[in-house]
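Okay, so here's the structure we're looking at.
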Amino acid sequence: MLVAAWSSTLFAQIPPPGGSRPGEVTTRRTGDADSTVLFVRPVDFYRQDTLQTGTLDPHTHKYHPAQRQVPAWGHLGNLGSAHRRHYFDLIETKGLDIGQHQYDLYRRNFTDFRFYQAEIALTEFNYSQGLDQLDGILEARFGRSFARGVNTSLDYLRINQEGAFQQQRAKHTAFGFGIWYDAPDGRYDGLYHYGSNSIVQEDNGGIVSYDDLRIQQLVANVPVRLNDALTVHRERAFSMQHHLHLIRAVDSLPGRTLVDLIHTGGYRTGFVRFSDATLTSDIGYYGAFALDDRGIRHFIDWQTVDNQLDLQFRFRAHADRPRYHLLKAGLQYRYTHLGQEPASRRVNETFLNATGRLWLTRKIRLSGAGYLALTGQSGDFSLQGDLAYETDNGGTLAASLLLYSRSPWVTEERFYVTQQPVWELGLADYTHVRLQVTGELPELDLQWGGAIHLVDNIVYYDTSRAPVQIANTRQVYQAFVRKGVSVGKIGLSAMLALQEAPDQLALPGWIAQGQLFYTDRWFKQRLLVRTGIEVRMTGDYRGINYFPLTGQFHLDDTRPVEQYPAADLFFAMQVKSGFRAFFKIENASAYFLDQPFVQVVDYPHFEAYFRLGLWMKLFD
């Protein structure tokens with residue numbers, strides 16, 4: 001929500017290759033379903049999902065949100081730190097956008113919030129703890145239905161991480177509370193939501209010298225570049241979505257038309273602040289950005305009002321399946337008061353939005369979504385179309401085409417430090433064309449795909465830590481394959497992703513991940529266990545560093561990022577379907593390798609360390 005432009009994309013995690021597609025929210029389902037608990041999301045209210053109890057899977061022992069991505073994202077080495085994609089893809093934003101996406105995975109938003117409809121109370125609890133009290137992540141969800149169509153839901157995330165090195169403390173909190181009112185007469189549904197996100201991150205600028213890692217017995221004593229720098233992101237939002245069912249379904253005959261009038265709106269406010277009050281020893285780190293030796297500060301705040309009105313038509317596609325042709329179109333108005341200390345401005349934006357889905361046959365689906373900015377960031381647009389074929393055994397073959405153009409982000413075009421301008425640039429619009437093909441065959445445990453990206457006017461941050469735009473079109477080529485194999489109780493799951501990208505993006509040419517594991521049932525079939533080793537590795541790539549003042553990753557040619565086989569040893573277990581736990585030694589490679597695990601220059605990861613975690617789902 002940093003601005004209203006983030007309302008639909010800010011917290012959305014980019015799906016793994018072969019994942020969900022616009023107009024069809026896909027839920028991977030494992031384990032037994034509890035039919036008394038349903039949930040909907042504002043992003044696609046008319047698709048109801050049944051809550052699954054779950055089972056052990058390749059992600060059970062992954063507590064870090066960056067590791068849950070496929071492929072895993074890179075980060076600064078500790079839980080809660082800034083992160084970036086290793087596998088190139090579009091960060092799609094809509095309209096005015098600040099351009100601070102380094103903490104997206106730790107946020108929660110309205111569009112993906114789960115509104116539960118639970119006949120009995122649901123509580124879901126996920127907790128992971130390291131050896132230190134200040135090293136944990138807690139995720140909790142709650143849902144309960146009451147009389148007369150009132151359903152309540154709660155979502156909570158807390159990250160508390162001290163970090164391996166000095167001045168690395170992370171304290172992030174995300175909270176969401178929602179009410180879904182399902183009118184007894186069936187003519188109205190209302191979703192009401194309050195959400196907040198707080199990102200508090202100490203910044204140390206990285207270690208001073210890699211030689212110190214060998215000299216110091218404790219990494220906590222290794223000198224770092226910054227001693228008093230702090231990044232704070234705070235956001236609050238009140239959101240709502242109203243569904244007035246003008247024509248309701250009375251039977252399941254194909255061709256029956258349903259018409260809905262949908263209003264989505266809300267108010268958002270927040271700020272981004274970086275500050276360092278003691279520049280005595282830090283002034284050399286900031287260089288030309290240190291405009292006042294009394295301290296350094298960057299501050300942006302915003303208030304946004306957003307309203308969108310859509311008219312939606314649905315037609316039953318098949319009498320024996322809950323599938324609908326869909327056409328939705330409407331207008332959106334957004335007002336933002338943006339303060340970029342010391343300047344401020346008001347931005348009025350209007351968008352034309354449309355979404356469609358058509359079942360050409362019982363197995364072939366054509367879907368699309370797009371928008372066009374009419375005022376404000378006028379000329380911005382997004383248009384994506386998808387053609388998917390579904391096999392009888394749940395497999396898919398899909399092709400998609402994306403056409404996208406956006407205006408420069410706020411901090412790309414204009415940046416102030418201590419109320420003084422550092423750069424004011426006249427950047428051209430960024431454009432992106434992506435052609436992607438993916439496939440999945442569940443009976444073979446196989447996923448594959450490839451993509452071609454044509455990107456124009458890429459903005460990257462060079463070694464001076466300032467934005468630079470590439471004026472001509474560049475290409476990115478990608479391919480991936482993931483395969484699982486099992487022989488008795490032994491299993492292997494491996495993924496390889498290849499890409500060729502411009503050198504300025506500092507991305508690896510290949511990414512490999514694999515798990516070798518043993519699965520069995522112990523104690524008279526009552527305890528399901530999964531234990532093994534997971535290895536993640538990328539090819540060498542150009543040095544990339546992180547500058548907390550701008551909140552951006554930038555080129556650093558002092559040293560490349562070298563390949564490192566990061567190995568985790570894990571043991572996971574499940575009792576019945578409502579309780580899971582794991583134990584793991586993360587970065588066990590450090591026991592055998594002298595070089596540190598680094599994904600961003602000057603930001604080594606933790607050495608080998610122990611973690612435990614548990615997950616519970618309770619119905620009461």
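Letters for chains follow the order of the structure tokens (A, B, ...), residue numbers begin at 1 for each chain, and ligand numbers begin at 1 in the order shown.
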* stretch 401-412 of chain A surroundings by only C-alpha atoms, 8 Å radius, close-in-sequence under 4 positions cut, as an NGL selection string -> :A and (93-99 or 377 or 379-386 or 425 or 427-436 or 459 or 467 or 550)
* To do: Could you find all residues in stretch 108-263 of chain A that DSSP calls strand (DSSP E) from the backbone, and write them as a ChimeraX atom specification?
  => /A:115-118,122-129,135-145,150-161,170-182,188-203,229-247,257-263
Selected residues, C-alpha atoms, written as a tab-separated table (two decimals), in the first residue's frame, please.
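Contents of out10.tsv, as written:
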chain	number	residue	atom	x	y	z
A	115	PHE	CA	-12.27	-14.27	4.47
A	116	TYR	CA	-13.34	-17.50	6.18
A	117	GLN	CA	-16.80	-19.02	6.41
A	118	ALA	CA	-16.33	-21.50	9.25
A	122	LEU	CA	-10.60	-22.24	12.95
A	123	THR	CA	-7.17	-21.42	14.38
A	124	GLU	CA	-4.00	-21.86	12.35
A	125	PHE	CA	-0.65	-21.32	14.02
A	126	ASN	CA	2.84	-21.44	12.46
A	127	TYR	CA	5.96	-20.68	14.50
A	128	SER	CA	9.70	-21.05	13.93
A	129	GLN	CA	12.44	-20.36	16.47
A	135	ASP	CA	15.11	-15.09	16.20
A	136	GLY	CA	11.59	-16.13	15.32
A	137	ILE	CA	8.65	-15.84	12.97
A	138	LEU	CA	5.02	-16.28	13.98
A	139	GLU	CA	2.11	-16.58	11.55
A	140	ALA	CA	-1.45	-16.99	12.80
A	141	ARG	CA	-4.91	-17.09	11.21
A	142	PHE	CA	-8.34	-17.26	12.79
A	143	GLY	CA	-11.82	-17.61	11.34
A	144	ARG	CA	-15.30	-17.93	12.83
A	145	SER	CA	-18.86	-17.59	11.55
A	150	VAL	CA	-21.49	-12.55	9.76
A	151	ASN	CA	-18.04	-14.13	9.33
A	152	THR	CA	-14.85	-12.86	10.98
A	153	SER	CA	-11.23	-13.51	10.01
A	154	LEU	CA	-7.82	-12.53	11.37
A	155	ASP	CA	-4.32	-12.74	9.90
A	156	TYR	CA	-1.14	-11.96	11.85
A	157	LEU	CA	2.58	-12.08	11.03
A	158	ARG	CA	5.45	-11.21	13.36
A	159	ILE	CA	9.17	-11.39	12.55
A	160	ASN	CA	11.70	-10.76	15.30
A	161	GLN	CA	15.31	-11.29	14.27
A	170	ALA	CA	14.46	-6.75	12.19
A	171	LYS	CA	11.06	-6.26	13.82
A	172	HIS	CA	8.20	-6.62	11.34
A	173	THR	CA	4.49	-6.89	12.10
A	174	ALA	CA	1.58	-7.40	9.73
A	175	PHE	CA	-2.04	-7.53	10.92
A	176	GLY	CA	-5.35	-7.93	9.16
A	177	PHE	CA	-8.90	-8.18	10.47
A	178	GLY	CA	-11.86	-8.79	8.20
A	179	ILE	CA	-15.63	-9.19	8.32
A	180	TRP	CA	-17.56	-10.89	5.55
A	181	TYR	CA	-21.27	-10.22	5.65
A	182	ASP	CA	-23.24	-12.74	3.58
A	188	TYR	CA	-25.57	-8.84	-1.05
A	189	ASP	CA	-22.07	-9.72	0.13
A	190	GLY	CA	-19.81	-7.24	1.87
A	191	LEU	CA	-16.11	-7.58	2.71
A	192	TYR	CA	-14.69	-5.15	5.28
A	193	HIS	CA	-11.01	-5.11	6.20
A	194	TYR	CA	-8.52	-3.26	8.37
A	195	GLY	CA	-4.85	-3.96	7.75
A	196	SER	CA	-1.53	-2.62	8.95
A	197	ASN	CA	2.10	-3.31	8.11
A	198	SER	CA	5.10	-2.22	10.12
A	199	ILE	CA	8.64	-2.82	8.84
A	200	VAL	CA	11.42	-1.79	11.25
A	201	GLN	CA	14.91	-2.72	10.08
A	202	GLU	CA	18.30	-1.75	11.45
A	203	ASP	CA	20.79	-1.25	8.62
A	229	ALA	CA	20.91	3.61	10.56
A	230	LEU	CA	17.24	2.66	10.60
A	231	THR	CA	14.57	1.98	7.95
A	232	VAL	CA	10.89	2.21	8.91
A	233	HIS	CA	7.90	1.47	6.66
A	234	ARG	CA	4.44	1.95	8.19
A	235	GLU	CA	1.11	1.44	6.42
A	236	ARG	CA	-2.55	1.31	7.44
A	237	ALA	CA	-5.56	0.64	5.25
A	238	PHE	CA	-9.34	0.48	5.59
A	239	SER	CA	-10.76	-1.43	2.63
A	240	MET	CA	-14.15	-2.72	1.55
A	241	GLN	CA	-15.76	-4.59	-1.30
A	242	HIS	CA	-19.51	-4.66	-1.94
A	243	HIS	CA	-21.23	-7.23	-4.16
A	244	LEU	CA	-24.83	-6.50	-5.15
A	245	HIS	CA	-26.28	-9.53	-6.93
A	246	LEU	CA	-28.67	-8.03	-9.45
A	247	ILE	CA	-29.51	-11.38	-11.03
A	257	THR	CA	-26.88	-15.25	-16.71
A	258	LEU	CA	-25.81	-13.81	-13.38
A	259	VAL	CA	-25.18	-10.08	-13.05
A	260	ASP	CA	-23.27	-8.45	-10.18
A	261	LEU	CA	-22.47	-4.83	-9.38
A	262	ILE	CA	-19.17	-4.65	-7.48
A	263	HIS	CA	-17.70	-1.69	-5.62
* **Long-range neighbours of A:Tyr416 as a ChimeraX atom specification, 8 Å cut-off, only C-alpha atoms, 2 positions minimum in chain** => /A:298,340-342,414,418-423
Residues near stretch 472-480 of chain A, anyone? I mean within 10 Å using only C-alpha atoms, not counting same-chain ones fewer than 4 positions away, as a CSV table (one decimal) with all heavy atoms, in the first residue's frame.
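part-v1.csv, written as the output of this step:
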chain,number,residue,atom,x,y,z
A,17,PRO,N,6.9,-20.9,-11.6
A,17,PRO,CA,6.7,-21.3,-12.9
A,17,PRO,C,5.6,-22.3,-13.0
A,17,PRO,O,5.6,-23.3,-12.3
A,17,PRO,CB,8.0,-21.8,-13.4
A,17,PRO,CG,9.0,-21.2,-12.5
A,17,PRO,CD,8.3,-21.0,-11.2
A,18,GLY,N,4.6,-22.1,-13.9
A,18,GLY,CA,3.5,-23.0,-14.0
A,18,GLY,C,2.4,-22.8,-12.9
A,18,GLY,O,1.5,-23.6,-12.7
A,71,PRO,N,11.9,-20.2,-8.1
A,71,PRO,CA,13.1,-20.5,-7.3
A,71,PRO,C,13.2,-19.5,-6.1
A,71,PRO,O,12.5,-18.5,-6.1
A,71,PRO,CB,14.2,-20.3,-8.3
A,71,PRO,CG,13.7,-20.3,-9.6
A,71,PRO,CD,12.3,-19.7,-9.5
A,87,TYR,N,15.3,-15.1,-10.3
A,87,TYR,CA,14.8,-15.5,-11.5
A,87,TYR,C,14.0,-14.3,-12.1
A,87,TYR,O,12.9,-13.9,-11.5
A,87,TYR,CB,13.9,-16.7,-11.3
A,87,TYR,CG,13.6,-17.5,-12.6
A,87,TYR,CD1,14.6,-18.1,-13.4
A,87,TYR,CD2,12.3,-17.6,-13.0
A,87,TYR,CE1,14.2,-18.8,-14.5
A,87,TYR,CE2,11.9,-18.3,-14.2
A,87,TYR,CZ,12.9,-18.9,-14.9
A,87,TYR,OH,12.6,-19.6,-16.0
A,88,PHE,N,14.4,-13.7,-13.2
A,88,PHE,CA,13.8,-12.4,-13.6
A,88,PHE,C,12.3,-12.5,-13.9
A,88,PHE,O,11.8,-13.5,-14.5
A,88,PHE,CB,14.5,-12.0,-14.9
A,88,PHE,CG,14.0,-10.8,-15.5
A,88,PHE,CD1,14.3,-9.5,-15.0
A,88,PHE,CD2,13.1,-10.8,-16.6
A,88,PHE,CE1,13.8,-8.4,-15.5
A,88,PHE,CE2,12.6,-9.6,-17.1
A,88,PHE,CZ,12.9,-8.4,-16.6
A,89,ASP,N,11.6,-11.5,-13.4
A,89,ASP,CA,10.2,-11.4,-13.8
A,89,ASP,C,9.8,-10.0,-13.5
A,89,ASP,O,10.5,-9.2,-12.9
A,89,ASP,CB,9.3,-12.4,-13.0
A,89,ASP,CG,8.0,-12.7,-13.7
A,89,ASP,OD1,7.7,-12.0,-14.7
A,89,ASP,OD2,7.3,-13.6,-13.2
A,431,THR,N,8.6,-0.5,-20.5
A,431,THR,CA,7.6,-1.4,-21.2
A,431,THR,C,8.2,-2.9,-21.1
A,431,THR,O,9.4,-3.1,-21.1
A,431,THR,CB,7.5,-1.0,-22.7
A,431,THR,OG1,8.7,-1.1,-23.4
A,431,THR,CG2,6.9,0.4,-22.8
A,432,HIS,N,7.3,-3.8,-21.1
A,432,HIS,CA,7.6,-5.2,-20.9
A,432,HIS,C,6.7,-6.1,-21.7
A,432,HIS,O,5.4,-6.0,-21.6
A,432,HIS,CB,7.5,-5.5,-19.4
A,432,HIS,CG,8.1,-6.8,-19.0
A,432,HIS,ND1,9.0,-7.0,-18.0
A,432,HIS,CD2,8.0,-8.1,-19.6
A,432,HIS,CE1,9.4,-8.2,-17.8
A,432,HIS,NE2,8.8,-8.9,-18.8
A,433,VAL,N,7.2,-6.9,-22.6
A,433,VAL,CA,6.5,-7.9,-23.3
A,433,VAL,C,7.0,-9.3,-22.8
A,433,VAL,O,8.2,-9.6,-22.9
A,433,VAL,CB,6.6,-7.8,-24.8
A,433,VAL,CG1,5.8,-8.9,-25.5
A,433,VAL,CG2,6.1,-6.4,-25.3
A,434,ARG,N,6.1,-10.2,-22.4
A,434,ARG,CA,6.5,-11.5,-22.0
A,434,ARG,C,5.6,-12.6,-22.7
A,434,ARG,O,4.4,-12.5,-22.6
A,434,ARG,CB,6.3,-11.6,-20.5
A,434,ARG,CG,6.7,-13.0,-19.9
A,434,ARG,CD,6.4,-13.1,-18.4
A,434,ARG,NE,5.0,-13.1,-18.2
A,434,ARG,CZ,4.4,-12.7,-17.0
A,434,ARG,NH1,5.2,-12.2,-16.1
A,434,ARG,NH2,3.1,-12.8,-16.9
A,436,GLN,N,5.1,-16.6,-22.5
A,436,GLN,CA,5.5,-17.7,-21.6
A,436,GLN,C,4.7,-19.0,-21.9
A,436,GLN,O,3.5,-18.9,-22.2
A,436,GLN,CB,5.2,-17.3,-20.2
A,436,GLN,CG,5.6,-18.3,-19.1
A,436,GLN,CD,5.4,-17.8,-17.7
A,436,GLN,OE1,6.4,-17.1,-17.2
A,436,GLN,NE2,4.3,-18.0,-17.1
A,437,VAL,N,5.3,-20.1,-21.8
A,437,VAL,CA,4.7,-21.4,-22.0
A,437,VAL,C,5.0,-22.3,-20.8
A,437,VAL,O,6.2,-22.3,-20.4
A,437,VAL,CB,5.1,-22.1,-23.3
A,437,VAL,CG1,4.5,-23.4,-23.5
A,437,VAL,CG2,4.8,-21.2,-24.5
A,438,THR,N,4.0,-22.9,-20.2
A,438,THR,CA,4.3,-23.8,-19.1
A,438,THR,C,3.5,-25.1,-19.2
A,438,THR,O,2.5,-25.1,-19.9
A,438,THR,CB,3.9,-23.1,-17.7
A,438,THR,OG1,2.5,-22.7,-17.8
A,438,THR,CG2,4.7,-21.8,-17.5
A,447,GLN,N,7.1,-30.5,-14.0
A,447,GLN,CA,6.7,-29.2,-14.4
A,447,GLN,C,7.8,-28.6,-15.3
A,447,GLN,O,9.0,-28.9,-15.1
A,447,GLN,CB,6.5,-28.2,-13.2
A,447,GLN,CG,5.3,-28.5,-12.3
A,447,GLN,CD,5.3,-27.6,-11.2
A,447,GLN,OE1,6.2,-27.4,-10.4
A,447,GLN,NE2,4.2,-26.8,-11.0
A,448,TRP,N,7.4,-27.9,-16.3
A,448,TRP,CA,8.4,-27.3,-17.2
A,448,TRP,C,7.9,-26.0,-17.8
A,448,TRP,O,6.7,-25.7,-17.7
A,448,TRP,CB,8.8,-28.3,-18.3
A,448,TRP,CG,7.6,-28.7,-19.2
A,448,TRP,CD1,6.7,-29.7,-18.9
A,448,TRP,CD2,7.1,-28.0,-20.3
A,448,TRP,NE1,5.7,-29.7,-19.9
A,448,TRP,CE2,5.9,-28.7,-20.8
A,448,TRP,CE3,7.5,-26.9,-21.1
A,448,TRP,CZ2,5.2,-28.3,-21.9
A,448,TRP,CZ3,6.7,-26.5,-22.2
A,448,TRP,CH2,5.6,-27.2,-22.6
A,449,GLY,N,8.8,-25.2,-18.4
A,449,GLY,CA,8.3,-24.0,-19.0
A,449,GLY,C,9.4,-23.2,-19.6
A,449,GLY,O,10.6,-23.5,-19.4
A,450,GLY,N,9.1,-22.1,-20.2
A,450,GLY,CA,10.0,-21.2,-20.8
A,450,GLY,C,9.4,-19.9,-21.0
A,450,GLY,O,8.2,-19.7,-21.1
A,451,ALA,N,10.2,-18.8,-21.2
A,451,ALA,CA,9.7,-17.5,-21.4
A,451,ALA,C,10.7,-16.6,-22.1
A,451,ALA,O,11.9,-16.8,-22.0
A,451,ALA,CB,9.4,-16.8,-20.0
A,452,ILE,N,10.1,-15.7,-22.9
A,452,ILE,CA,10.9,-14.7,-23.6
A,452,ILE,C,10.4,-13.3,-23.1
A,452,ILE,O,9.2,-13.1,-23.2
A,452,ILE,CB,10.8,-14.8,-25.1
A,452,ILE,CG1,11.3,-16.2,-25.6
A,452,ILE,CG2,11.6,-13.7,-25.8
A,452,ILE,CD1,11.1,-16.4,-27.1
A,453,HIS,N,11.3,-12.5,-22.6
A,453,HIS,CA,10.9,-11.1,-22.2
A,453,HIS,C,11.6,-10.1,-23.1
A,453,HIS,O,12.8,-10.2,-23.4
A,453,HIS,CB,11.4,-10.9,-20.8
A,453,HIS,CG,10.9,-11.9,-19.7
A,453,HIS,ND1,9.9,-11.6,-18.9
A,453,HIS,CD2,11.4,-13.1,-19.5
A,453,HIS,CE1,9.7,-12.7,-18.1
A,453,HIS,NE2,10.6,-13.6,-18.4
A,454,LEU,N,10.8,-9.2,-23.6
A,454,LEU,CA,11.4,-8.0,-24.3
A,454,LEU,C,11.1,-6.8,-23.4
A,454,LEU,O,9.9,-6.4,-23.2
A,454,LEU,CB,10.7,-7.9,-25.7
A,454,LEU,CG,10.8,-9.1,-26.6
A,454,LEU,CD1,10.0,-8.8,-27.9
A,454,LEU,CD2,12.3,-9.4,-26.9
A,455,VAL,N,12.2,-6.2,-22.9
A,455,VAL,CA,12.0,-5.1,-22.0
A,455,VAL,C,12.7,-3.8,-22.5
A,455,VAL,O,13.8,-3.9,-23.0
A,455,VAL,CB,12.5,-5.4,-20.6
A,455,VAL,CG1,11.6,-6.4,-19.9
A,455,VAL,CG2,13.9,-6.1,-20.7
A,456,ASP,N,12.0,-2.7,-22.4
A,456,ASP,CA,12.5,-1.5,-22.9
A,456,ASP,C,12.6,-0.4,-21.8
A,456,ASP,O,11.7,-0.4,-21.0
A,456,ASP,CB,11.6,-1.0,-24.1
A,456,ASP,CG,12.3,0.1,-24.9
A,456,ASP,OD1,13.5,0.2,-24.9
A,456,ASP,OD2,11.6,0.8,-25.7
A,457,ASN,N,13.7,0.3,-21.8
A,457,ASN,CA,13.9,1.4,-20.8
A,457,ASN,C,14.0,0.8,-19.4
A,457,ASN,O,13.4,1.3,-18.4
A,457,ASN,CB,12.7,2.4,-20.8
A,457,ASN,CG,12.7,3.1,-22.2
A,457,ASN,OD1,13.7,3.4,-22.8
A,457,ASN,ND2,11.4,3.4,-22.6
A,458,ILE,N,14.8,-0.2,-19.3
A,458,ILE,CA,15.1,-0.8,-17.9
A,458,ILE,C,15.8,0.2,-17.1
A,458,ILE,O,16.7,0.9,-17.5
A,458,ILE,CB,16.0,-2.0,-18.1
A,458,ILE,CG1,15.3,-3.1,-18.9
A,458,ILE,CG2,16.4,-2.6,-16.7
A,458,ILE,CD1,16.2,-4.3,-19.1
A,495,MET,N,15.0,-29.1,-9.4
A,495,MET,CA,14.6,-28.0,-10.3
A,495,MET,C,15.8,-27.3,-10.8
A,495,MET,O,16.8,-27.0,-10.1
A,495,MET,CB,13.7,-27.0,-9.6
A,495,MET,CG,13.1,-25.9,-10.5
A,495,MET,SD,13.1,-24.3,-9.8
A,495,MET,CE,14.8,-23.8,-9.7
A,496,LEU,N,15.8,-27.0,-12.1
A,496,LEU,CA,16.9,-26.3,-12.8
A,496,LEU,C,16.3,-25.2,-13.6
A,496,LEU,O,15.4,-25.4,-14.4
A,496,LEU,CB,17.7,-27.2,-13.7
A,496,LEU,CG,18.8,-26.5,-14.5
A,496,LEU,CD1,19.9,-25.9,-13.6
A,496,LEU,CD2,19.5,-27.5,-15.5
A,497,ALA,N,16.7,-24.0,-13.4
A,497,ALA,CA,16.2,-22.8,-14.1
A,497,ALA,C,17.4,-22.1,-14.8
A,497,ALA,O,18.5,-21.9,-14.2
A,497,ALA,CB,15.5,-21.8,-13.2
A,498,LEU,N,17.3,-21.8,-16.1
A,498,LEU,CA,18.3,-21.2,-16.9
A,498,LEU,C,17.8,-19.9,-17.4
A,498,LEU,O,16.6,-19.7,-17.7
A,498,LEU,CB,18.7,-22.1,-18.1
A,498,LEU,CG,19.1,-23.5,-17.8
A,498,LEU,CD1,19.3,-24.3,-19.1
A,498,LEU,CD2,20.3,-23.6,-17.0
A,499,GLN,N,18.7,-18.9,-17.5
A,499,GLN,CA,18.3,-17.6,-18.0
A,499,GLN,C,19.5,-16.8,-18.6
A,499,GLN,O,20.6,-17.0,-18.1
A,499,GLN,CB,17.6,-16.7,-16.9
A,499,GLN,CG,18.4,-16.3,-15.8
A,499,GLN,CD,17.6,-15.5,-14.7
A,499,GLN,OE1,16.5,-15.1,-14.9
A,499,GLN,NE2,18.3,-15.3,-13.6
A,500,GLU,N,19.2,-16.0,-19.6
A,500,GLU,CA,20.1,-15.1,-20.1
A,500,GLU,C,19.6,-13.7,-20.0
A,500,GLU,O,18.5,-13.4,-20.6
A,500,GLU,CB,20.4,-15.5,-21.6
A,500,GLU,CG,21.5,-14.6,-22.3
A,500,GLU,CD,21.7,-15.0,-23.7
A,500,GLU,OE1,21.5,-16.2,-24.1
A,500,GLU,OE2,22.1,-14.1,-24.5
A,501,ALA,N,20.2,-12.8,-19.3
A,501,ALA,CA,19.7,-11.5,-19.0
A,501,ALA,C,20.8,-10.5,-19.1
A,501,ALA,O,22.0,-10.8,-19.1
A,501,ALA,CB,19.1,-11.5,-17.5
A,502,PRO,N,20.4,-9.2,-19.3
A,502,PRO,CA,21.4,-8.1,-19.4
A,502,PRO,C,22.3,-8.1,-18.2
A,502,PRO,O,21.9,-8.3,-17.1
A,502,PRO,CB,20.6,-6.9,-19.5
A,502,PRO,CG,19.2,-7.3,-20.0
A,502,PRO,CD,19.0,-8.7,-19.5
A,509,GLY,N,23.1,-17.0,-14.2
A,509,GLY,CA,22.7,-17.7,-15.5
A,509,GLY,C,21.9,-19.0,-15.2
A,509,GLY,O,21.2,-19.4,-16.1
A,510,TRP,N,22.1,-19.5,-14.1
A,510,TRP,CA,21.4,-20.8,-13.7
A,510,TRP,C,21.1,-20.8,-12.2
A,510,TRP,O,21.8,-20.3,-11.4
A,510,TRP,CB,22.2,-22.0,-14.2
A,510,TRP,CG,23.5,-22.2,-13.6
A,510,TRP,CD1,24.7,-21.7,-14.2
A,510,TRP,CD2,23.9,-22.8,-12.4
A,510,TRP,NE1,25.8,-22.1,-13.4
A,510,TRP,CE2,25.3,-22.7,-12.3
A,510,TRP,CE3,23.2,-23.5,-11.4
A,510,TRP,CZ2,26.0,-23.3,-11.2
A,510,TRP,CZ3,23.9,-24.0,-10.3
A,510,TRP,CH2,25.3,-23.9,-10.2
A,511,ILE,N,20.0,-21.5,-11.9
A,511,ILE,CA,19.6,-21.7,-10.5
A,511,ILE,C,19.2,-23.1,-10.4
A,511,ILE,O,18.4,-23.7,-11.2
A,511,ILE,CB,18.4,-20.8,-10.1
A,511,ILE,CG1,18.7,-19.3,-10.4
A,511,ILE,CG2,18.0,-21.0,-8.7
A,511,ILE,CD1,17.5,-18.4,-10.4
A,512,ALA,N,19.7,-23.8,-9.3
A,512,ALA,CA,19.4,-25.2,-9.1
A,512,ALA,C,19.0,-25.4,-7.7
A,512,ALA,O,19.5,-24.8,-6.7
A,512,ALA,CB,20.6,-26.1,-9.4
* Structure fact -> Shortest contact to A:Tyr591, candidates A:Ala121, A:Ile364, A:Leu56, A:Ala567, atoms counted only C-alpha atoms, goes to A:Ala567
Write down as a short mmCIF file (atom, residue, chain, number, x, y, z; two decimals) with N, CA and C atoms, in the first residue's frame the residues of stretch 193-361 of chain A whose backbone DSSP state falls under alpha helix (DSSP H).
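So the final result, stored in result-v9.cif, reads:
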data_model
loop_
_atom_site.label_atom_id
_atom_site.label_comp_id
_atom_site.auth_asym_id
_atom_site.auth_seq_id
_atom_site.Cartn_x
_atom_site.Cartn_y
_atom_site.Cartn_z
N ASP A 211 38.16 -10.21 5.56
CA ASP A 211 39.23 -10.73 6.39
C ASP A 211 38.82 -10.80 7.85
N ASP A 212 37.92 -9.89 8.26
CA ASP A 212 37.48 -9.87 9.66
C ASP A 212 36.73 -11.14 10.02
N LEU A 213 36.12 -11.79 9.03
CA LEU A 213 35.39 -13.04 9.31
C LEU A 213 36.34 -14.13 9.79
N ARG A 214 37.57 -14.10 9.33
CA ARG A 214 38.55 -15.11 9.73
C ARG A 214 39.24 -14.74 11.04
N ILE A 215 39.39 -13.43 11.29
CA ILE A 215 40.10 -12.97 12.49
C ILE A 215 39.22 -13.08 13.73
N ILE A 283 30.10 8.81 7.42
CA ILE A 283 29.99 9.77 6.33
C ILE A 283 30.68 9.27 5.06
N GLY A 284 31.76 8.50 5.21
CA GLY A 284 32.43 7.98 4.04
C GLY A 284 31.60 6.96 3.30
N TYR A 285 30.74 6.23 4.00
CA TYR A 285 29.88 5.24 3.36
C TYR A 285 28.88 5.91 2.43
N TYR A 286 28.32 7.03 2.83
CA TYR A 286 27.29 7.69 2.03
C TYR A 286 27.87 8.49 0.87
#
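Straight-line separation from atom CA of A:Asp276 to atom CA of A:Leu76: 19.5 Å.
In this structure, atom CA of A:Leu612 sits 25.9 Å away from atom CA of A:Val600.
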